[in-house]
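Printed here is input.cif (mmCIF, C-alpha atoms (C1' of nucleotides)):
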```cif
data_data
#
loop_
_atom_site.label_atom_id
_atom_site.label_comp_id
_atom_site.auth_asym_id
_atom_site.auth_seq_id
_atom_site.Cartn_x
_atom_site.Cartn_y
_atom_site.Cartn_z
CA MET A 1 49.54 28.54 -3.71
CA SER A 2 49.76 30.55 -6.90
CA GLY A 3 49.73 28.86 -10.27
CA THR A 4 47.57 25.91 -9.26
CA ALA A 5 44.83 27.90 -7.59
CA GLY A 6 42.94 28.39 -10.83
CA ALA A 7 43.14 24.74 -11.77
CA ALA A 8 41.97 23.67 -8.33
CA GLY A 9 39.05 26.04 -8.61
CA GLU A 10 38.03 24.60 -11.95
CA ARG A 11 38.26 21.13 -10.54
CA GLU A 12 36.08 22.23 -7.66
CA ALA A 13 33.55 23.76 -10.00
CA ALA A 14 33.39 20.69 -12.21
CA ILE A 15 32.81 18.42 -9.23
CA ALA A 16 30.11 20.73 -7.93
CA THR A 17 28.38 20.59 -11.30
CA ILE A 18 28.59 16.80 -11.41
CA GLN A 19 27.11 16.64 -7.94
CA ARG A 20 24.29 18.99 -8.82
CA GLU A 21 23.38 17.35 -12.09
CA LEU A 22 23.53 13.79 -10.80
CA THR A 23 21.35 14.79 -7.88
CA ALA A 24 18.85 16.46 -10.16
CA PHE A 25 18.68 13.35 -12.27
CA ALA A 26 18.20 11.07 -9.28
CA ARG A 27 15.39 13.21 -8.00
CA ARG A 28 13.45 12.95 -11.24
CA ALA A 29 14.15 9.36 -12.19
CA ARG A 30 11.31 7.59 -10.43
CA ALA A 31 8.61 9.99 -11.45
CA ALA A 32 9.93 9.99 -15.01
CA ALA A 33 9.83 6.21 -15.12
CA ALA A 34 6.30 6.21 -13.73
CA ARG A 35 5.18 8.61 -16.45
CA MET A 36 6.93 6.61 -19.14
CA HIS A 37 5.63 3.16 -18.20
CA PRO A 38 3.01 3.39 -15.47
CA GLU A 39 2.49 -0.36 -15.40
CA LEU A 40 6.04 -1.01 -14.19
CA SER A 41 7.78 1.07 -11.54
CA LEU A 42 11.48 1.77 -11.78
CA VAL A 43 12.18 -0.86 -9.14
CA SER A 44 9.97 -3.50 -10.72
CA PHE A 45 11.50 -2.77 -14.07
CA THR A 46 14.97 -3.16 -12.65
CA LEU A 47 14.16 -6.44 -10.94
CA LEU A 48 12.51 -7.91 -14.02
CA ALA A 49 15.42 -6.79 -16.16
CA HIS A 50 17.81 -8.50 -13.78
CA LEU A 51 15.80 -11.69 -13.98
CA GLU A 52 15.98 -11.54 -17.73
CA ASP A 53 19.71 -10.86 -17.78
CA SER A 54 20.54 -13.49 -15.22
CA GLY A 55 18.16 -16.05 -16.66
CA GLY A 56 16.58 -16.48 -13.22
CA CYS A 57 17.94 -16.01 -9.72
CA ARG A 58 16.93 -16.04 -6.07
CA ALA A 59 15.32 -13.19 -4.16
CA THR A 60 18.43 -13.05 -2.00
CA ASP A 61 20.57 -12.42 -5.06
CA LEU A 62 18.39 -9.49 -6.02
CA ALA A 63 18.64 -8.08 -2.52
CA ALA A 64 22.42 -8.41 -2.49
CA HIS A 65 22.83 -6.92 -5.94
CA TYR A 66 20.63 -3.90 -5.33
CA LEU A 67 21.44 -3.40 -1.66
CA LEU A 68 17.84 -3.88 -0.65
CA ASP A 69 16.49 -5.57 2.44
CA LYS A 70 15.27 -9.07 1.82
CA SER A 71 11.83 -8.11 3.10
CA THR A 72 11.65 -5.39 0.48
CA VAL A 73 12.53 -7.82 -2.26
CA SER A 74 10.14 -10.40 -0.88
CA ARG A 75 7.25 -7.98 -1.20
CA GLN A 76 8.30 -6.71 -4.57
CA VAL A 77 8.54 -10.24 -5.88
CA ALA A 78 5.18 -11.11 -4.35
CA ALA A 79 3.64 -8.18 -6.21
CA LEU A 80 5.32 -9.18 -9.45
CA GLU A 81 4.06 -12.72 -9.00
CA ARG A 82 0.54 -11.48 -8.27
CA ALA A 83 0.74 -9.44 -11.45
CA GLY A 84 1.73 -12.57 -13.34
CA HIS A 85 5.14 -11.24 -14.37
CA VAL A 86 7.22 -13.69 -12.36
CA GLU A 87 6.98 -17.33 -11.34
CA ARG A 88 8.78 -19.24 -8.61
CA ARG A 89 10.46 -22.57 -9.11
CA SER A 90 11.36 -24.49 -6.00
CA ASP A 91 14.81 -25.96 -5.97
CA PRO A 92 14.44 -29.70 -5.43
CA ASP A 93 17.89 -29.90 -3.81
CA ASP A 94 17.27 -27.15 -1.28
CA HIS A 95 13.73 -26.49 -0.25
CA ARG A 96 14.55 -23.08 1.15
CA ILE A 97 15.33 -21.79 -2.28
CA GLN A 98 12.97 -20.47 -4.94
CA LEU A 99 14.37 -19.60 -8.30
CA LEU A 100 12.57 -16.67 -9.84
CA HIS A 101 11.83 -16.60 -13.53
CA LEU A 102 10.03 -14.27 -15.87
CA THR A 103 6.76 -15.55 -17.24
CA GLU A 104 5.87 -15.10 -20.89
CA GLN A 105 3.74 -12.16 -19.88
CA GLY A 106 6.53 -10.75 -17.74
CA GLU A 107 8.85 -10.89 -20.70
CA GLN A 108 6.36 -9.03 -22.84
CA VAL A 109 5.67 -6.33 -20.27
CA LEU A 110 9.37 -5.91 -19.66
CA ALA A 111 10.04 -5.68 -23.38
CA ARG A 112 7.42 -2.98 -23.83
CA ALA A 113 8.72 -0.93 -20.90
CA ALA A 114 12.29 -1.39 -22.07
CA ASP A 115 11.32 -0.20 -25.51
CA ARG A 116 9.69 2.91 -24.18
CA ARG A 117 12.64 3.64 -21.90
CA SER A 118 15.08 3.05 -24.66
CA GLN A 119 13.08 5.30 -26.97
CA ALA A 120 13.15 8.08 -24.39
CA PHE A 121 16.91 7.81 -24.06
CA HIS A 122 17.35 7.78 -27.81
CA ASP A 123 15.21 10.87 -28.11
CA ARG A 124 17.29 12.67 -25.55
CA LEU A 125 20.58 11.57 -26.96
CA GLY A 126 19.66 11.75 -30.61
CA ALA A 127 21.76 14.81 -31.34
CA TRP A 128 24.92 13.52 -29.67
CA GLU A 129 27.97 12.52 -31.63
CA PRO A 130 29.00 8.86 -31.34
CA ALA A 131 32.27 9.81 -29.67
CA GLU A 132 30.41 11.89 -27.10
CA LEU A 133 28.04 9.06 -26.33
CA GLU A 134 30.91 6.70 -25.77
CA ARG A 135 32.78 9.06 -23.52
CA PHE A 136 29.64 9.80 -21.52
CA ALA A 137 28.91 6.09 -21.16
CA ALA A 138 32.47 5.43 -20.07
CA TYR A 139 32.41 8.23 -17.50
CA LEU A 140 29.17 7.02 -15.99
CA THR A 141 30.44 3.47 -15.78
CA ARG A 142 33.65 4.61 -14.18
CA TYR A 143 31.79 6.83 -11.74
CA ASN A 144 29.51 4.02 -10.61
CA ASP A 145 32.35 1.53 -10.36
CA GLU A 146 34.33 3.96 -8.24
CA ALA A 147 31.78 3.33 -5.50
CA GLY A 148 33.66 0.35 -4.12
CA MET B 1 22.56 -0.76 -44.76
CA SER B 2 26.18 -1.84 -44.84
CA GLY B 3 28.89 0.54 -43.73
CA THR B 4 26.87 2.24 -41.04
CA ALA B 5 25.65 -0.89 -39.29
CA GLY B 6 28.72 -1.08 -37.05
CA ALA B 7 28.50 2.55 -36.09
CA ALA B 8 24.80 2.27 -35.35
CA GLY B 9 25.51 -0.71 -33.12
CA GLU B 10 28.11 1.18 -31.16
CA ARG B 11 25.74 4.06 -30.76
CA GLU B 12 23.09 1.63 -29.54
CA ALA B 13 25.50 0.07 -27.09
CA ALA B 14 26.64 3.42 -25.72
CA ILE B 15 23.06 4.54 -25.17
CA ALA B 16 22.24 1.26 -23.46
CA THR B 17 25.19 1.75 -21.13
CA ILE B 18 24.16 5.32 -20.33
CA GLN B 19 20.67 4.11 -19.55
CA ARG B 20 21.89 1.32 -17.33
CA GLU B 21 24.39 3.40 -15.40
CA LEU B 22 22.08 6.36 -14.87
CA THR B 23 19.38 4.01 -13.64
CA ALA B 24 21.78 2.31 -11.27
CA PHE B 25 22.81 5.66 -9.90
CA ALA B 26 19.23 6.82 -9.43
CA ARG B 27 18.35 3.66 -7.58
CA ARG B 28 21.13 4.15 -5.05
CA ALA B 29 21.01 7.90 -4.58
CA ARG B 30 18.48 8.21 -1.81
CA ALA B 31 19.83 5.44 0.34
CA ALA B 32 23.36 6.75 -0.18
CA ALA B 33 22.30 10.21 0.93
CA ALA B 34 20.56 8.76 3.98
CA ARG B 35 23.74 6.91 4.94
CA MET B 36 25.87 9.97 4.36
CA HIS B 37 23.78 12.49 6.28
CA PRO B 38 20.96 10.76 8.14
CA GLU B 39 19.69 14.00 9.59
CA LEU B 40 18.77 15.38 6.17
CA SER B 41 17.10 13.34 3.44
CA LEU B 42 17.99 13.91 -0.18
CA VAL B 43 14.78 15.87 -0.68
CA SER B 44 15.21 17.99 2.43
CA PHE B 45 18.78 18.65 1.47
CA THR B 46 17.75 19.74 -1.99
CA LEU B 47 15.04 22.06 -0.71
CA LEU B 48 17.31 23.66 1.86
CA ALA B 49 20.02 24.10 -0.74
CA HIS B 50 17.54 25.78 -3.04
CA LEU B 51 16.51 28.14 -0.28
CA GLU B 52 20.12 29.01 0.28
CA ASP B 53 20.84 29.55 -3.40
CA SER B 54 17.73 31.58 -4.02
CA GLY B 55 18.02 33.54 -0.81
CA GLY B 56 14.47 32.56 0.11
CA CYS B 57 11.46 31.68 -2.02
CA ARG B 58 7.90 30.47 -1.85
CA ALA B 59 6.75 26.86 -1.47
CA THR B 60 5.14 27.16 -4.89
CA ASP B 61 8.50 28.00 -6.43
CA LEU B 62 10.02 24.89 -4.93
CA ALA B 63 7.17 22.79 -6.27
CA ALA B 64 7.52 24.23 -9.75
CA HIS B 65 11.27 23.88 -9.80
CA TYR B 66 11.34 20.28 -8.63
CA LEU B 67 8.13 19.12 -10.30
CA LEU B 68 6.58 18.22 -6.98
CA ASP B 69 2.99 18.54 -5.93
CA LYS B 70 2.35 21.55 -3.75
CA SER B 71 0.99 19.28 -1.03
CA THR B 72 4.27 17.42 -0.99
CA VAL B 73 6.23 20.61 -0.63
CA SER B 74 3.84 21.89 1.99
CA ARG B 75 4.51 18.86 4.18
CA GLN B 76 8.23 18.89 3.54
CA VAL B 77 8.42 22.51 4.51
CA ALA B 78 6.28 21.89 7.58
CA ALA B 79 8.73 19.20 8.65
CA LEU B 80 11.71 21.45 8.03
CA GLU B 81 10.06 24.19 10.03
CA ARG B 82 9.30 21.78 12.88
CA ALA B 83 12.96 20.79 12.81
CA GLY B 84 13.94 24.42 13.08
CA HIS B 85 15.72 24.54 9.73
CA VAL B 86 13.32 26.91 8.01
CA GLU B 87 11.22 29.89 8.97
CA ARG B 88 8.29 31.51 7.22
CA ARG B 89 7.98 35.20 6.61
CA SER B 90 4.59 36.47 5.60
CA ASP B 91 4.56 38.87 2.71
CA PRO B 92 2.87 42.05 3.93
CA ASP B 93 1.71 42.90 0.39
CA ASP B 94 0.08 39.54 -0.26
CA HIS B 95 -1.16 37.57 2.68
CA ARG B 96 -1.36 34.35 0.71
CA ILE B 97 2.39 34.28 0.35
CA GLN B 98 4.97 33.03 2.81
CA LEU B 99 8.60 33.51 1.96
CA LEU B 100 10.70 30.65 3.23
CA HIS B 101 14.13 31.30 4.68
CA LEU B 102 16.82 29.20 6.24
CA THR B 103 17.33 29.70 9.94
CA GLU B 104 20.81 29.94 11.41
CA GLN B 105 20.49 26.34 12.43
CA GLY B 106 19.23 25.37 9.01
CA GLU B 107 22.27 26.97 7.45
CA GLN B 108 24.56 25.04 9.73
CA VAL B 109 22.86 21.69 9.17
CA LEU B 110 22.87 22.30 5.43
CA ALA B 111 26.52 23.25 5.49
CA ARG B 112 27.47 20.09 7.34
CA ALA B 113 25.48 17.87 4.98
CA ALA B 114 26.85 19.71 1.95
CA ASP B 115 30.37 19.18 3.24
CA ARG B 116 29.84 15.50 3.69
CA ARG B 117 28.25 15.16 0.25
CA SER B 118 30.97 17.17 -1.35
CA GLN B 119 33.60 15.09 0.38
CA ALA B 120 32.02 11.90 -0.92
CA PHE B 121 32.05 13.24 -4.47
CA HIS B 122 35.63 14.37 -4.14
CA ASP B 123 36.62 10.94 -2.87
CA ARG B 124 34.98 9.28 -5.80
CA LEU B 125 36.35 11.68 -8.35
CA GLY B 126 39.75 12.18 -6.79
CA ALA B 127 41.63 10.20 -9.43
CA TRP B 128 40.00 11.92 -12.40
CA GLU B 129 41.89 14.27 -14.65
CA PRO B 130 40.64 17.86 -14.74
CA ALA B 131 39.71 17.55 -18.40
CA GLU B 132 37.70 14.41 -17.69
CA LEU B 133 35.85 16.11 -14.88
CA GLU B 134 34.92 19.00 -17.08
CA ARG B 135 33.73 16.83 -19.91
CA PHE B 136 31.71 14.68 -17.52
CA ALA B 137 30.15 17.76 -15.95
CA ALA B 138 29.32 19.17 -19.36
CA TYR B 139 27.75 15.91 -20.54
CA LEU B 140 25.57 15.65 -17.45
CA THR B 141 24.44 19.22 -17.78
CA ARG B 142 23.64 18.72 -21.41
CA TYR B 143 21.81 15.51 -20.71
CA ASN B 144 19.63 17.10 -18.06
CA ASP B 145 18.95 20.17 -20.14
CA GLU B 146 17.91 17.99 -23.06
CA ALA B 147 14.85 17.08 -20.99
CA GLY B 148 12.85 20.01 -22.28
"C1'" DA C 1 -19.03 47.22 -4.85
"C1'" DC C 2 -19.95 42.42 -5.88
"C1'" DT C 3 -19.24 38.37 -8.17
"C1'" DT C 4 -16.18 35.35 -10.55
"C1'" DG C 5 -12.05 33.36 -11.16
"C1'" DA C 6 -7.16 32.64 -10.02
"C1'" DT C 7 -3.45 31.67 -6.62
"C1'" DA C 8 -0.99 30.06 -2.17
"C1'" DG C 9 -1.16 27.00 0.85
"C1'" DA C 10 -3.01 23.17 4.18
"C1'" DT C 11 -5.32 18.86 5.01
"C1'" DG C 12 -7.65 14.17 4.22
"C1'" DT C 13 -6.62 10.01 2.16
"C1'" DA C 14 -4.09 6.47 -0.15
"C1'" DC C 15 -0.30 4.15 -2.22
"C1'" DT C 16 4.75 2.82 -2.97
"C1'" DG C 17 9.19 1.83 -1.42
"C1'" DT C 18 11.85 0.90 2.19
"C1'" DA C 19 13.91 -0.95 6.69
"C1'" DC C 20 14.18 -3.54 10.98
"C1'" DA C 21 12.78 -7.14 13.92
"C1'" DA C 22 10.72 -11.36 14.68
"C1'" DC C 23 9.16 -15.51 12.84
"C1'" DT C 24 9.01 -20.27 10.09
"C1'" DA C 25 11.07 -23.57 7.46
"C1'" DC C 26 14.81 -25.69 5.89
"C1'" DT C 27 20.08 -27.09 5.72
"C1'" DT C 28 24.77 -27.49 7.43
"C1'" DT C 29 28.04 -28.04 10.98
"C1'" DT C 30 29.61 -30.01 14.91
"C1'" DA D 1 20.85 -34.81 17.79
"C1'" DA D 2 21.74 -29.89 18.93
"C1'" DA D 3 23.39 -25.54 17.39
"C1'" DA D 4 24.13 -22.38 14.04
"C1'" DG D 5 23.36 -20.57 9.60
"C1'" DT D 6 20.36 -19.38 5.39
"C1'" DA D 7 15.99 -18.30 2.52
"C1'" DG D 8 12.08 -16.30 2.72
"C1'" DT D 9 7.64 -14.19 4.94
"C1'" DT D 10 5.15 -11.22 7.91
"C1'" DG D 11 4.26 -7.42 11.43
"C1'" DT D 12 5.09 -2.80 11.98
"C1'" DA D 13 6.58 1.77 10.99
"C1'" DC D 14 8.03 5.59 8.38
"C1'" DA D 15 9.24 8.70 4.30
"C1'" DG D 16 7.86 10.51 0.05
"C1'" DT D 17 4.57 11.24 -3.04
"C1'" DA D 18 0.08 12.40 -5.54
"C1'" DC D 19 -4.75 13.71 -6.07
"C1'" DA D 20 -8.75 15.83 -4.45
"C1'" DT D 21 -10.67 19.09 -1.57
"C1'" DC D 22 -10.79 22.91 1.44
"C1'" DT D 23 -9.65 27.86 3.20
"C1'" DA D 24 -7.88 32.32 2.71
"C1'" DT D 25 -6.56 35.79 -0.10
"C1'" DC D 26 -6.06 38.57 -4.17
"C1'" DA D 27 -7.28 40.32 -9.06
"C1'" DA D 28 -10.44 41.42 -12.87
"C1'" DG D 29 -14.76 42.41 -15.02
"C1'" DT D 30 -19.00 43.98 -14.96
#
```
Could you show the structure in this file as C-alpha cells?
Amino acid sequence: MSGTAGAAGEREAAIATIQRELTAFARRARAAAARMHPELSLVSFTLLAHLEDSGGCRATDLAAHYLLDKSTVSRQVAALERAGHVERRSDPDDHRIQLLHLTEQGEQVLARAADRRSQAFHDRLGAWEPAELERFAAYLTRYNDEAG
Amino acid sequence: MSGTAGAAGEREAAIATIQRELTAFARRARAAAARMHPELSLVSFTLLAHLEDSGGCRATDLAAHYLLDKSTVSRQVAALERAGHVERRSDPDDHRIQLLHLTEQGEQVLARAADRRSQAFHDRLGAWEPAELERFAAYLTRYNDEAG
DNA sequence: ACTTGATAGATGTACTGTACAACTACTTTT
DNA sequence: AAAAGTAGTTGTACAGTACATCTATCAAGT
C-alpha cells in the first residue's frame, strides 16, 4: 500500500475537484444563459443551433440527439414556430414527417444569441494561453465522449 | 494581419469547442443526476453537500452561495425537512435565524448519493493519466473562478 | 422608548422544462 | 387487408425557479 498511496490520493482529489467544478457549472448554466440572451433559453438556443448545423432535421432527431422526450421537443418546437424562429416543411414522400428549418428571423436571433454567448466565453477565456485552451477543449471533448 | 491569422483561428476553434462541450454537459447534468440517484435531485444533493461541508448554515447563505432566490431555497429546504434530511435549529440570540443541519438520515442519503456520483466520475475518468486529471481539474477551477 | 429601516424567512402566483401515457395520423410489414 | 411500427400532438403532472408581497424579528437614530 505504500508508495502509491500518495498518487492515489492525488487522483482522488483531482476527480473530486472535477466533479465539484462541473457540477457548479451545470447549476449556473441555465440562469447564465437566460441573463445573457433572455429572448432565447439555453434549450431553444441549442435546438436552433442544431437546426442550423444540420441544415434542417426532424423533431425526432432532436429528441434522440439530446435525449429528450418527443413531447418535450414537440412543445419546444411549437414555441419556436410561434415565435417565428422555425418553420415546418412536410415531407411529400412521408406525410408523418415534418422537416424543421430555421426562418430568416430564426437565423438572425440565433446569430445574435450566439454572438453574445461567444463574447462571454471569449471574455472569460481571454487571458488563457492558446495551448491551455486547446488542452481544455480536448479534455472536455474527451470527458463528454467518455459517456458512452 | 498575416502571421497571426492561423493562431487566432485555432484560438477561436478551441473556444468554440469549450463552449459546445460545456453546454452539452450542462444540458445533460440534471437528467443524469436524476438517473443516478433518483431520491436526491442535483439541487437537493448540492444543498445537502453544502450543509455537510459547512457544518450547518442559514438558508440565506445557501441562496447567496448558489445565486438562488431565497424563496427557492426556502421551498427546497422545506422539502428536505419534510423528507427528514434536514433539521432546523433556531438561533437563541436572533429569532429570525434558523441554522440548518443534516439529520442522521440526511447524512446517510447524502453519503449514498455522493458515492454513486463519485463512482460515475471515477468510471468516466478511470483511463485518464494523473497529470491529465490534475490539469483538467485546474482548468475547470480556473474557468469557474474567472466568472467574477 | 419609538419610529424607521434592514434582515430572515414564508407564501401567493406564474412560468419553463421535463416526462409519461394516451391519442391521431400515417407507413410498412406480413 | 390487418397488424405493427413511426412521427408527432395533447392531457396531465411535477420540479425548479423567480418576483412580489407578507410576517416576524432585530438594529440604529433620534
Contact residues (chain B, partner chain C, 10 Å, all atoms listed in the file) as a count of residues only: 15
**Residue members of the PyMOL selection byres ((chain A) within 7 of (chain B)) in the file shown, as a list in words** = Arg11, Ala14, Ile15, Thr17, Ile18, Gln19, Glu21, Phe25, Ala26, Ala29, Phe121, Arg124, Pro130, Leu133, Glu134, Phe136, Ala137, Tyr139, Leu140, Thr141, Asn144, Glu146 and Ala147 of chain A
Using all atoms listed in the file, find each residue in chain D having at least one atom no more than 8 Å away from chain A; report its shortest atom-to-atom pair and that distance in Å (one decimal), rows by chain then rising number, as JSON lines.
```
{"residue": "D:DA7", "atom": "C1'", "partner": "A:Arg96", "partner_atom": "CA", "distance": 5.2}
{"residue": "D:DG8", "atom": "C1'", "partner": "A:Ser74", "partner_atom": "CA", "distance": 7.2}
{"residue": "D:DT9", "atom": "C1'", "partner": "A:Ser74", "partner_atom": "CA", "distance": 7.4}
```
Long-range neighbours of Glu52 in chain B as a list in words, 8 Å cut-off, all atoms listed in the file, 6 positions minimum in chain:
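That gives His101, Leu102 and Glu107 of chain B.
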Can you write just those residues out, C-alpha atoms, as an mmCIF file, in the frame of the given file?
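Full text of out-v1.cif as output:
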```cif
data_model
loop_
_atom_site.group_PDB
_atom_site.id
_atom_site.type_symbol
_atom_site.label_atom_id
_atom_site.label_comp_id
_atom_site.auth_asym_id
_atom_site.auth_seq_id
_atom_site.Cartn_x
_atom_site.Cartn_y
_atom_site.Cartn_z
ATOM 1 C CA HIS B 101 14.130 31.300 4.680
ATOM 2 C CA LEU B 102 16.820 29.200 6.240
ATOM 3 C CA GLU B 107 22.270 26.970 7.450
#
```
Margin query: I'd like the interatomic distance between CA of Leu99 in chain B and CA of Arg82 in chain B, to a tenth of an Å.
Written below: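 We find that CA of Leu99 in chain B and CA of Arg82 in chain B lie 16.0 Å from each other.
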Atomic distance CA of Asp61 in chain B - CA of Thr103 in chain B, expressed in Å with one decimal
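Between CA of Asp61 in chain B and CA of Thr103 in chain B the gap works out to 18.7 Å.
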Matching every Cα in sequence order between the two identical chains, what are the coordinates of chain B once fitted onto chain A? Write them as a compact mmCIF listing (two decimals) with C-alpha atoms, in the coordinates of the input.
```txt
# COMPACT_ATOMS: atom_id res chain seq x y z
CA MET B 1 49.60 28.27 -3.52
CA SER B 2 49.76 30.37 -6.65
CA GLY B 3 49.76 28.72 -10.04
CA THR B 4 47.50 25.84 -9.10
CA ALA B 5 44.75 27.89 -7.49
CA GLY B 6 42.93 28.40 -10.80
CA ALA B 7 43.11 24.76 -11.70
CA ALA B 8 41.90 23.70 -8.28
CA GLY B 9 38.96 26.07 -8.63
CA GLU B 10 37.99 24.61 -11.96
CA ARG B 11 38.22 21.15 -10.54
CA GLU B 12 36.02 22.26 -7.65
CA ALA B 13 33.50 23.77 -10.02
CA ALA B 14 33.37 20.69 -12.22
CA ILE B 15 32.78 18.44 -9.23
CA ALA B 16 30.06 20.75 -7.96
CA THR B 17 28.35 20.58 -11.34
CA ILE B 18 28.58 16.79 -11.43
CA GLN B 19 27.07 16.64 -7.98
CA ARG B 20 24.25 18.99 -8.86
CA GLU B 21 23.36 17.33 -12.14
CA LEU B 22 23.50 13.78 -10.81
CA THR B 23 21.30 14.80 -7.90
CA ALA B 24 18.82 16.46 -10.21
CA PHE B 25 18.67 13.34 -12.31
CA ALA B 26 18.17 11.08 -9.31
CA ARG B 27 15.35 13.22 -8.04
CA ARG B 28 13.43 12.95 -11.30
CA ALA B 29 14.13 9.35 -12.24
CA ARG B 30 11.32 7.58 -10.47
CA ALA B 31 8.59 9.97 -11.47
CA ALA B 32 9.89 9.97 -15.04
CA ALA B 33 9.78 6.19 -15.14
CA ALA B 34 6.26 6.19 -13.73
CA ARG B 35 5.15 8.60 -16.46
CA MET B 36 6.88 6.59 -19.14
CA HIS B 37 5.60 3.14 -18.19
CA PRO B 38 2.99 3.39 -15.45
CA GLU B 39 2.47 -0.34 -15.36
CA LEU B 40 6.02 -0.99 -14.16
CA SER B 41 7.77 1.09 -11.52
CA LEU B 42 11.47 1.78 -11.79
CA VAL B 43 12.18 -0.85 -9.15
CA SER B 44 9.94 -3.48 -10.71
CA PHE B 45 11.46 -2.76 -14.07
CA THR B 46 14.95 -3.16 -12.69
CA LEU B 47 14.14 -6.44 -10.97
CA LEU B 48 12.46 -7.89 -14.03
CA ALA B 49 15.37 -6.80 -16.19
CA HIS B 50 17.77 -8.49 -13.82
CA LEU B 51 15.77 -11.68 -13.99
CA GLU B 52 15.92 -11.54 -17.74
CA ASP B 53 19.65 -10.85 -17.83
CA SER B 54 20.50 -13.49 -15.28
CA GLY B 55 18.10 -16.04 -16.69
CA GLY B 56 16.52 -16.45 -13.27
CA CYS B 57 17.92 -16.00 -9.77
CA ARG B 58 16.97 -16.01 -6.13
CA ALA B 59 15.37 -13.15 -4.19
CA THR B 60 18.51 -13.01 -2.07
CA ASP B 61 20.61 -12.37 -5.16
CA LEU B 62 18.41 -9.45 -6.10
CA ALA B 63 18.70 -8.03 -2.60
CA ALA B 64 22.47 -8.34 -2.61
CA HIS B 65 22.85 -6.87 -6.06
CA TYR B 66 20.64 -3.86 -5.44
CA LEU B 67 21.49 -3.32 -1.77
CA LEU B 68 17.90 -3.84 -0.74
CA ASP B 69 16.59 -5.49 2.37
CA LYS B 70 15.39 -9.01 1.78
CA SER B 71 11.96 -8.05 3.10
CA THR B 72 11.73 -5.37 0.46
CA VAL B 73 12.60 -7.79 -2.28
CA SER B 74 10.24 -10.37 -0.86
CA ARG B 75 7.32 -7.96 -1.16
CA GLN B 76 8.36 -6.70 -4.56
CA VAL B 77 8.58 -10.22 -5.85
CA ALA B 78 5.24 -11.10 -4.28
CA ALA B 79 3.69 -8.17 -6.13
CA LEU B 80 5.31 -9.17 -9.40
CA GLU B 81 4.07 -12.71 -8.93
CA ARG B 82 0.55 -11.47 -8.16
CA ALA B 83 0.74 -9.44 -11.36
CA GLY B 84 1.71 -12.54 -13.27
CA HIS B 85 5.12 -11.24 -14.32
CA VAL B 86 7.19 -13.69 -12.31
CA GLU B 87 6.96 -17.30 -11.27
CA ARG B 88 8.77 -19.22 -8.56
CA ARG B 89 10.45 -22.53 -9.09
CA SER B 90 11.40 -24.46 -6.01
CA ASP B 91 14.86 -25.91 -6.01
CA PRO B 92 14.49 -29.65 -5.47
CA ASP B 93 17.96 -29.86 -3.88
CA ASP B 94 17.36 -27.10 -1.36
CA HIS B 95 13.83 -26.44 -0.26
CA ARG B 96 14.68 -23.03 1.14
CA ILE B 97 15.43 -21.74 -2.32
CA GLN B 98 13.02 -20.46 -4.93
CA LEU B 99 14.39 -19.58 -8.32
CA LEU B 100 12.55 -16.66 -9.83
CA HIS B 101 11.78 -16.60 -13.53
CA LEU B 102 9.97 -14.27 -15.85
CA THR B 103 6.69 -15.54 -17.20
CA GLU B 104 5.78 -15.09 -20.84
CA GLN B 105 3.67 -12.16 -19.83
CA GLY B 106 6.46 -10.75 -17.71
CA GLU B 107 8.77 -10.89 -20.68
CA GLN B 108 6.29 -9.03 -22.81
CA VAL B 109 5.59 -6.32 -20.24
CA LEU B 110 9.31 -5.90 -19.66
CA ALA B 111 9.97 -5.69 -23.37
CA ARG B 112 7.36 -2.99 -23.83
CA ALA B 113 8.68 -0.94 -20.91
CA ALA B 114 12.26 -1.42 -22.07
CA ASP B 115 11.29 -0.21 -25.52
CA ARG B 116 9.67 2.89 -24.17
CA ARG B 117 12.63 3.62 -21.90
CA SER B 118 15.08 3.02 -24.67
CA GLN B 119 13.11 5.27 -26.97
CA ALA B 120 13.17 8.05 -24.40
CA PHE B 121 16.94 7.76 -24.07
CA HIS B 122 17.39 7.72 -27.81
CA ASP B 123 15.25 10.83 -28.12
CA ARG B 124 17.32 12.63 -25.57
CA LEU B 125 20.62 11.51 -26.97
CA GLY B 126 19.70 11.67 -30.62
CA ALA B 127 21.80 14.74 -31.37
CA TRP B 128 24.94 13.45 -29.68
CA GLU B 129 28.01 12.45 -31.62
CA PRO B 130 29.05 8.80 -31.34
CA ALA B 131 32.31 9.77 -29.65
CA GLU B 132 30.44 11.85 -27.09
CA LEU B 133 28.09 9.00 -26.33
CA GLU B 134 30.95 6.64 -25.75
CA ARG B 135 32.82 9.01 -23.51
CA PHE B 136 29.67 9.75 -21.52
CA ALA B 137 28.95 6.05 -21.14
CA ALA B 138 32.51 5.39 -20.04
CA TYR B 139 32.44 8.22 -17.49
CA LEU B 140 29.19 6.99 -15.97
CA THR B 141 30.47 3.46 -15.75
CA ARG B 142 33.66 4.63 -14.14
CA TYR B 143 31.80 6.84 -11.73
CA ASN B 144 29.53 4.03 -10.60
CA ASP B 145 32.36 1.55 -10.33
CA GLU B 146 34.33 4.00 -8.21
CA ALA B 147 31.74 3.37 -5.49
CA GLY B 148 33.63 0.42 -4.09
```
- Message: Please compute the CA of His85 in chain B-CA of Leu48 in chain B distance, one decimal, in Å.
- Response: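 Computing it gives 8.1 Å between the two atoms.
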Would you mind putting back N, CA and C atoms on range 92-97 of chain A, then writing it out as a JSON list (two decimals), in the frame of the given file?
```
[["chain", "number", "residue", "atom", "x", "y", "z"],
["A", 92, "PRO", "N", 14.67, -28.38, -6.04],
["A", 92, "PRO", "CA", 14.44, -29.70, -5.43],
["A", 92, "PRO", "C", 15.57, -30.09, -4.47],
["A", 93, "ASP", "N", 16.75, -29.53, -4.65],
["A", 93, "ASP", "CA", 17.89, -29.90, -3.81],
["A", 93, "ASP", "C", 17.94, -29.10, -2.51],
["A", 94, "ASP", "N", 17.25, -27.97, -2.50],
["A", 94, "ASP", "CA", 17.27, -27.15, -1.28],
["A", 94, "ASP", "C", 15.93, -26.46, -1.18],
["A", 95, "HIS", "N", 15.12, -26.95, -0.29],
["A", 95, "HIS", "CA", 13.73, -26.49, -0.25],
["A", 95, "HIS", "C", 13.56, -25.10, 0.33],
["A", 96, "ARG", "N", 14.67, -24.47, 0.74],
["A", 96, "ARG", "CA", 14.55, -23.08, 1.15],
["A", 96, "ARG", "C", 14.51, -22.16, -0.06],
["A", 97, "ILE", "N", 15.05, -22.66, -1.14],
["A", 97, "ILE", "CA", 15.33, -21.79, -2.28],
["A", 97, "ILE", "C", 14.22, -21.80, -3.32]]
```
